[in-house]
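Structure record follows, encoded as structure tokens.
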Amino acid sequence: MFKFDKLVFGDAGWGDEFLIATFMTLLVSILSMGLGLFLAIITVWAKIIQNRIARFIANFYTTVIRGVPELLVIYLIFFGGNAVVMSIAKVFGYNKYIELNALTIATIAIAVISATYSSEVLRAAYLSISKGQIEAAKVLGMNKFSIFFKVITPQVIRHALPGIGNVWQITLKDTSLISVTGLVEIMRQSRISSNVEHSPLTFLITAAILYLCLTTISGRVFKTLEVNYSKGFST
Amino acid sequence: MIEFLNSIQNSLIYKNFFLVLSGLDNTILLLLISLPLGFVLALLFALGRVSKIALLSRTIASYIFVIRGTPLLVQIYLIYFGLGSVKFIRESFLWYALKEPFWCGVIALTINTVAYGAEIFRGGIQSIEKSQVESGLSLGFGKFLLLRKIILPIAIRKVLPSYGNELILMVKATSLVSLTTYMEMTGIARKIMAKTFAPVEAFVAAGILYLFLNFIMVQFVKYLEWKYNPHLRLND
């Protein structure tokens, strides 16, 4: 039933494969969280500027992506992404076949999902900054850039950190869906190993434990960050 | 005009729409069993979590920790592939349920939603003011009556918005059951894609249906909130 002796490192077991797979999961999570935060900033910006078209597009994007299963979004980007990239390339006169590698597609797909959650968190954090502060900064003669980087950003980080921690956990767990695209991360690795060794229970439990470790450790990290960023504020 | 209507009728997305629609009942069937079951169990688990019996509370806390810390996909695979590989389960009566992808999906979804739901209800139960419980006690309420008349109604009302969120997450989570060969909407969309090599049309058709399902869910939660939180109604 259990073949935990198959988890040793080296040629006799799957230990090193699982280690690499864990790093792959972390890599996809970090890359897509970063790209997601970038997309989220654009989305929030589109929602708060006084432009009806920009706001409509941003609202449409967040509503649709959050209302549709993650798996469907991943399928769409995985199977449809190449066609979209190729048709864009055609506009620029490049007619050869392009294939995005699995990591790129995985990162984009998870980022598109994660950005919708991040954008809600960031928007709430931005709205919690009182207008008086921005006005005060203007009175002091600060330009737009220094208002953004010295007044808004530090406070948004402080308010948004708990929410971003939650989004990180969701993103980390969503990377398991990427296994359907063939990228070898924890989930895919556990399927491969269990097919070879005919012992799904062993390797699925391994995967569960690895995910549990990742979520617990990163939860701790975010707790520490929150304490650091709320220094001088009674919470 | 008629040409336009014909072109819509002949378009792939229109045909796919009805093909995917045939999987809607399977998706709803998953929800119809796992959501009510999950709701009742989540309430019981939440009560166990706040109970003074340390062993019970600790056990439920670790259950919630494990389920919330692992992806749903791992849980579905563990039940479908993992349990099926154990010999004594294959020989026991459990096999009647576990050999069907549908029941594996229902079990996995229920286990998952119970953990999240219990945590939500725990928040609701712990946010009840002590004075309300004490006034119940002073009126001579027994434990069960207190639970039925004071604690549960207040707690459930308070957590309706966050439980509504969980319900929507569950609608989305049903798509993962397609990975155990169960043919609900995502599974059918995937099959259409494999047949027609037109991924966008297949998945957009499924996406529209999921949006529709979630829209109904949102309206349902809104109605519940309107009905059970009359003091929070905005315009009357």
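Following the order of the structure tokens, chains are lettered A, B, ..., residues in each are numbered from 1, and ligands are numbered from 1.
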At a cut-off of 10 Å, which residues of chain B touch chain A? Count only C-alpha atoms and give the answer as an NGL selection string.
:B and (65-75 or 77-87 or 168-176 or 178-179 or 185-187 or 189-190 or 193 or 197-204 or 206-215)
Skip range 33-50 of chain A itself and residues of its chain fewer than 3 positions away, then list as a list in words all residues within 6 Å of it, counting only C-alpha atoms.
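Within the cut-off, the hits are Ser29, Ile30, Ala54, Arg55, Ala58, Ala111, Ser114, Ala115, Ser118, Ser119 and Arg123 of chain A.
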I'd like the neighbourhood of Phe102 in chain B as a PDB file with C-alpha atoms, in the first residue's frame, where a residue qualifies if any of its atoms comes within 8 Å (using only C-alpha atoms), though same-chain residues fewer than 6 positions away should be ignored.
```pdb
ATOM      1  CA  LEU B  30     -22.644  17.423  -7.668  1.00  0.00           C
ATOM      2  CA  VAL B 177     -14.178  16.676 -10.812  1.00  0.00           C
ATOM      3  CA  TYR B 182     -16.714  12.571 -14.705  1.00  0.00           C
TER       4      TYR B 182
END
```
As an exercise, work out the distance from CA of Thr180 in chain B to CA of Glu197 in chain A in Å and give it to one decimal place.
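Pair CA of Thr180 in chain B / CA of Glu197 in chain A returns 19.8 Å.
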Within 9 Å of Lys99 in chain B, counting only C-alpha atoms, which residues qualify if same-chain residues fewer than 4 places away don't, as a ChimeraX atom specification?
/B:80,84,90,94-95,103-104
Just list as a PyMOL selection string whatever in range 36-208 of chain A DSSP marks as helix (DSSP H, G or I).
chain A and resi 36-48+52-67+70-91+102-127+131-139+144-181+186-197+200-208
Tell me, in Å to one decimal, how far CA of Gly117 in chain B is from CA of Ala42 in chain B.
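One can read the CA of Gly117 in chain B to CA of Ala42 in chain B distance as 5.2 Å.
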Which residue is closest to Phe45 in chain B? Choose from B:Ile60, B:Met183, B:Ile151, B:Leu31 and count only C-alpha atoms.
B:Ile60
I'd like the neighbourhood of His159 in chain A as a list in words, where a residue qualifies if any of its atoms comes within 12 Å (using only C-alpha atoms), though same-chain residues fewer than 3 positions away should be ignored.
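The filter keeps Val121, Leu122, Arg123, Ala124, Ala125, Tyr126, Leu127, Ser128, Ile129, Ile152, Thr153, Pro154, Gln155, Val156, Pro162, Gly163, Ile164, Gly165, Leu225, Glu226, Val227, Tyr229, Ser230, Phe233 and Thr235 of chain A.
Excluding Leu43 in chain B and any residue on its chain fewer than 6 positions from it, the residues at most 9 Å away by only C-alpha atoms are Val114, Gly117, Ala118, Phe121, Arg122 and Leu152 of chain B.
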